[in-house]
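Note sheet for the following structure.
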Amino acid sequence: MTQSTSVRLSVVIVNFFSLPDLRGCLQSIKRHNDIGDALEVVVVEQSDGAAEAPQICREFPWVKLIVRPNRGFGAGNNAGAQNASGEILLFLNPDTLLVQPVFKQALWRFQSDANLGLFGLRLQTRDGTRAQSFYFLNPLGIFRGRIWRLLDRFDIFLSSSMYITGADLFVRRTAFETVGGFDERMFLYHEEADLCSRLRQHHFQIAYVPEFRLTHLEGTSTKSDKVFKYRVDSYVLLAEKMGWNVRRQLKKWGRQLFVRSVLHPNDPTVNKEQMILRDRLRMYEEQSIKAREMS
């Protein structure tokens with residue numbers, strides 16, 4: 001793989017202290033590259049102090065490396081896209097492994113369907129069992145989890161009400177730029193749901209391709225005490241943009257955490273998450289009151 005004007009597909013990977021996983025991911029990309037120099041790989045290094053940049057340069061000199069402060073997953077991907085050359089972008093988690101050639105198929109799909117804006121592959125765990133490849137845009141509803149499991153079992157993707165999970169997002173560059181890329185206010189979580197929603201609003205098609213698979217070593221690239229706070233804050237922003245009932249979801253999370261606290265009374269993680277959720281709910285209530293007073 002060389003940097004040239006012939007690049008058609010750019011893989012963008014945001015790295016944050018994930019070098020062991022990133023190493024496997026890059027090796028799998030090189031192994032399954034079926035378009036030669038038409039492929040480029042951009043790694044956005046956001047580890048504190050660019051700690052892993054020297055090692056990445058030594059081991060993978062064919063990678064275009066972008067070093068920048070950690071301003072979030074979406075912001076990192078936007079920076080990678082700005083430095084990429086391909087007409088097709090693949091936003092890929094570092095904790096993923098290609099198991100078969102997919103790049104030629106991706107180019108063909110976008111070339112064959114001018115309305116296609118984004119698609120994702122079927123995700124699997126390391127042992128080959130199904131992983132979550134898509135989900136409902138709005139997770140509220142008593143039976144949605146059961147319905148999703150049934151649809152997932154038969155690879156049925158409802159493009160009007162679902163989104164592709166963010167481990168692998170093949171996106172047409174022009175579509176990505178039309179909607180303004182990822183919302184950088186979402187530091188972590190729900191960026192893909194928001195992106196799929198905005199693409200759909202601009203009449204781009206969202207698709208799921210179960211014929212091709214990708215291994216996702218789920219969760220290994222998001223290890224932080226702040227993860228739950230990022231998840232809650234991003235959901236609140238997404239829900240406000242979509243006009244959903246924010247209070248209802250926060251209270252639902254509160255009930256789930258209460259059950260966990262009863263079952264695991266000595267788990268410090270549950271107590272921290274309960275405090276984060278209470279603070280965020282109180283903040284949201286105060287903001288709602290001020291908004292009503294000003295209207």
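Chain labels follow the order of the structure tokens: the first chain is A, the next B, and so on; residue numbering restarts at 1 in every chain, and ligands are counted from 1 in their shown order.
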
key: Nearby residues (only C-alpha atoms) at most 10 Å from A:Ala193, same-chain spacing under 4 positions excluded, as a PyMOL selection string   = chain A and resi 134-138+162-166+189+197-198+235+238

Let's have the selection written as a PDB file, in the first residue's frame, with N, CA, C and O atoms.
```pdb
ATOM      1  N   PHE A 134     -26.329  -4.164  14.559  1.00  0.00           N
ATOM      2  CA  PHE A 134     -27.268  -3.059  14.371  1.00  0.00           C
ATOM      3  C   PHE A 134     -28.233  -3.037  15.539  1.00  0.00           C
ATOM      4  O   PHE A 134     -28.331  -4.009  16.295  1.00  0.00           O
ATOM      5  N   TYR A 135     -28.921  -1.926  15.700  1.00  0.00           N
ATOM      6  CA  TYR A 135     -29.899  -1.850  16.785  1.00  0.00           C
ATOM      7  C   TYR A 135     -30.916  -0.766  16.464  1.00  0.00           C
ATOM      8  O   TYR A 135     -30.742   0.027  15.531  1.00  0.00           O
ATOM      9  N   PHE A 136     -31.981  -0.710  17.243  1.00  0.00           N
ATOM     10  CA  PHE A 136     -32.998   0.309  17.062  1.00  0.00           C
ATOM     11  C   PHE A 136     -32.432   1.688  17.402  1.00  0.00           C
ATOM     12  O   PHE A 136     -31.703   1.854  18.385  1.00  0.00           O
ATOM     13  N   LEU A 137     -32.804   2.673  16.615  1.00  0.00           N
ATOM     14  CA  LEU A 137     -32.347   4.034  16.858  1.00  0.00           C
ATOM     15  C   LEU A 137     -32.837   4.525  18.210  1.00  0.00           C
ATOM     16  O   LEU A 137     -32.086   5.081  19.002  1.00  0.00           O
ATOM     17  N   ASN A 138     -34.101   4.302  18.488  1.00  0.00           N
ATOM     18  CA  ASN A 138     -34.652   4.645  19.800  1.00  0.00           C
ATOM     19  C   ASN A 138     -34.806   3.357  20.594  1.00  0.00           C
ATOM     20  O   ASN A 138     -35.659   2.528  20.264  1.00  0.00           O
ATOM     21  N   MET A 162     -33.465   1.703  12.342  1.00  0.00           N
ATOM     22  CA  MET A 162     -32.280   1.121  12.968  1.00  0.00           C
ATOM     23  C   MET A 162     -31.014   1.838  12.507  1.00  0.00           C
ATOM     24  O   MET A 162     -31.042   2.613  11.552  1.00  0.00           O
ATOM     25  N   TYR A 163     -29.928   1.568  13.216  1.00  0.00           N
ATOM     26  CA  TYR A 163     -28.634   2.107  12.826  1.00  0.00           C
ATOM     27  C   TYR A 163     -27.587   1.002  12.864  1.00  0.00           C
ATOM     28  O   TYR A 163     -27.752  -0.012  13.547  1.00  0.00           O
ATOM     29  N   ILE A 164     -26.513   1.204  12.126  1.00  0.00           N
ATOM     30  CA  ILE A 164     -25.386   0.265  12.119  1.00  0.00           C
ATOM     31  C   ILE A 164     -24.463   0.612  13.279  1.00  0.00           C
ATOM     32  O   ILE A 164     -24.108   1.779  13.479  1.00  0.00           O
ATOM     33  N   THR A 165     -24.090  -0.366  14.075  1.00  0.00           N
ATOM     34  CA  THR A 165     -23.196  -0.084  15.200  1.00  0.00           C
ATOM     35  C   THR A 165     -21.812   0.313  14.693  1.00  0.00           C
ATOM     36  O   THR A 165     -21.387  -0.081  13.613  1.00  0.00           O
ATOM     37  N   GLY A 166     -21.122   1.114  15.516  1.00  0.00           N
ATOM     38  CA  GLY A 166     -19.978   1.872  15.015  1.00  0.00           C
ATOM     39  C   GLY A 166     -18.651   1.158  14.895  1.00  0.00           C
ATOM     40  O   GLY A 166     -17.636   1.816  14.640  1.00  0.00           O
ATOM     41  N   TYR A 189     -19.761   7.257  22.247  1.00  0.00           N
ATOM     42  CA  TYR A 189     -21.059   6.574  22.197  1.00  0.00           C
ATOM     43  C   TYR A 189     -22.113   7.390  21.427  1.00  0.00           C
ATOM     44  O   TYR A 189     -22.137   8.615  21.489  1.00  0.00           O
ATOM     45  N   SER A 197     -28.897   8.664  11.436  1.00  0.00           N
ATOM     46  CA  SER A 197     -30.125   9.441  11.427  1.00  0.00           C
ATOM     47  C   SER A 197     -30.021  10.631  10.480  1.00  0.00           C
ATOM     48  O   SER A 197     -30.931  10.902   9.683  1.00  0.00           O
ATOM     49  N   ARG A 198     -28.901  11.346  10.530  1.00  0.00           N
ATOM     50  CA  ARG A 198     -28.747  12.520   9.662  1.00  0.00           C
ATOM     51  C   ARG A 198     -28.583  12.131   8.196  1.00  0.00           C
ATOM     52  O   ARG A 198     -29.073  12.822   7.298  1.00  0.00           O
ATOM     53  N   TYR A 235     -26.110  10.304  24.912  1.00  0.00           N
ATOM     54  CA  TYR A 235     -27.508   9.916  24.705  1.00  0.00           C
ATOM     55  C   TYR A 235     -28.429  11.115  24.891  1.00  0.00           C
ATOM     56  O   TYR A 235     -29.389  11.298  24.118  1.00  0.00           O
ATOM     57  N   LEU A 238     -28.289  13.165  21.770  1.00  0.00           N
ATOM     58  CA  LEU A 238     -28.991  12.500  20.681  1.00  0.00           C
ATOM     59  C   LEU A 238     -30.505  12.581  20.878  1.00  0.00           C
ATOM     60  O   LEU A 238     -31.254  12.894  19.940  1.00  0.00           O
TER      61      LEU A 238
END
```

Can you list, as an MDAnalysis selection string, every residue of stretch 23-202 of chain A that DSSP puts in alpha helix (DSSP H)? chainID A and resid 23:31 53:59 73:82 103:112 144:153 173:178 191:201

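Closest approach to A:Leu214 among A:Val102, A:Ser112, A:Ser288, A:Arg280 is made by A:Val102 (distances from only C-alpha atoms).
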
The distance between atom CA of A:Gln82 and atom CA of A:Ala53 is 19.1 Å

Q. A:Cys196: which residues within 7 Å, counting only C-alpha atoms, same-chain residues fewer than 4 positions away excluded, as a PyMOL selection string?
A. chain A and resi 163+192+200+206

Could you save those same residues with N, CA and C atoms as an mmCIF file, in the first residue's frame?
```cif
data_model
loop_
_atom_site.group_PDB
_atom_site.id
_atom_site.type_symbol
_atom_site.label_atom_id
_atom_site.label_comp_id
_atom_site.auth_asym_id
_atom_site.auth_seq_id
_atom_site.Cartn_x
_atom_site.Cartn_y
_atom_site.Cartn_z
ATOM 1 N N TYR A 163 -29.928 1.568 13.216
ATOM 2 C CA TYR A 163 -28.634 2.107 12.826
ATOM 3 C C TYR A 163 -27.587 1.002 12.864
ATOM 4 N N GLU A 192 -22.619 6.924 15.938
ATOM 5 C CA GLU A 192 -23.076 6.225 14.743
ATOM 6 C C GLU A 192 -24.585 6.312 14.575
ATOM 7 N N ARG A 200 -30.007 9.540 6.849
ATOM 8 C CA ARG A 200 -31.361 9.167 6.438
ATOM 9 C C ARG A 200 -32.206 10.419 6.167
ATOM 10 N N ILE A 206 -29.228 3.528 4.222
ATOM 11 C CA ILE A 206 -28.400 2.836 5.212
ATOM 12 C C ILE A 206 -28.622 1.344 5.014
#
```

Correct to one decimal, the distance atom CA of A:Ile29-atom CA of A:Leu97 is 7.7 Å

#### Entry: Among listed residues A:Trp62, A:Phe212, A:Phe187, A:Phe16, nearest A:Leu98 (using only C-alpha atoms)
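Closest to A:Leu98, using only C-alpha atoms: A:Phe212.
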
Need the shell around A:Ala81: protein/DNA/RNA residues with any atom at most 10 Å away, counting only C-alpha atoms. Skip same-chain ones fewer than 5 positions apart. Format as a list in words?
Ser10, Val11, Val12, Ile13, Val42, Val44, Ala75, Gly76, Gly86, Ile88, Leu89, Leu90, Phe91, Arg173, Phe176, Glu177 and Gly181 of chain A

Could those selected residues go to a file with C-alpha atoms, as a PDB file, in the first residue's frame?
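The resulting out-v8.pdb:
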```pdb
ATOM      1  CA  SER A  10      -9.532   5.038   3.060  1.00  0.00           C
ATOM      2  CA  VAL A  11      -9.665   3.150   6.353  1.00  0.00           C
ATOM      3  CA  VAL A  12      -9.777   5.531   9.337  1.00  0.00           C
ATOM      4  CA  ILE A  13      -8.906   4.156  12.781  1.00  0.00           C
ATOM      5  CA  VAL A  42      -5.139   6.517   8.308  1.00  0.00           C
ATOM      6  CA  VAL A  44      -5.459   8.942  14.314  1.00  0.00           C
ATOM      7  CA  ALA A  75     -13.680  14.310  16.440  1.00  0.00           C
ATOM      8  CA  GLY A  76     -10.846  11.858  15.848  1.00  0.00           C
ATOM      9  CA  GLY A  86     -10.531   7.976  -0.686  1.00  0.00           C
ATOM     10  CA  ILE A  88     -15.155   5.809   0.269  1.00  0.00           C
ATOM     11  CA  LEU A  89     -14.343   5.925   3.982  1.00  0.00           C
ATOM     12  CA  LEU A  90     -14.268   2.987   6.377  1.00  0.00           C
ATOM     13  CA  PHE A  91     -14.400   4.059  10.014  1.00  0.00           C
ATOM     14  CA  ARG A 173     -17.402  10.615   1.408  1.00  0.00           C
ATOM     15  CA  PHE A 176     -20.444  12.134   5.020  1.00  0.00           C
ATOM     16  CA  GLU A 177     -19.504  15.686   4.068  1.00  0.00           C
ATOM     17  CA  GLY A 181     -19.442  14.377   9.553  1.00  0.00           C
TER      18      GLY A 181
END
```
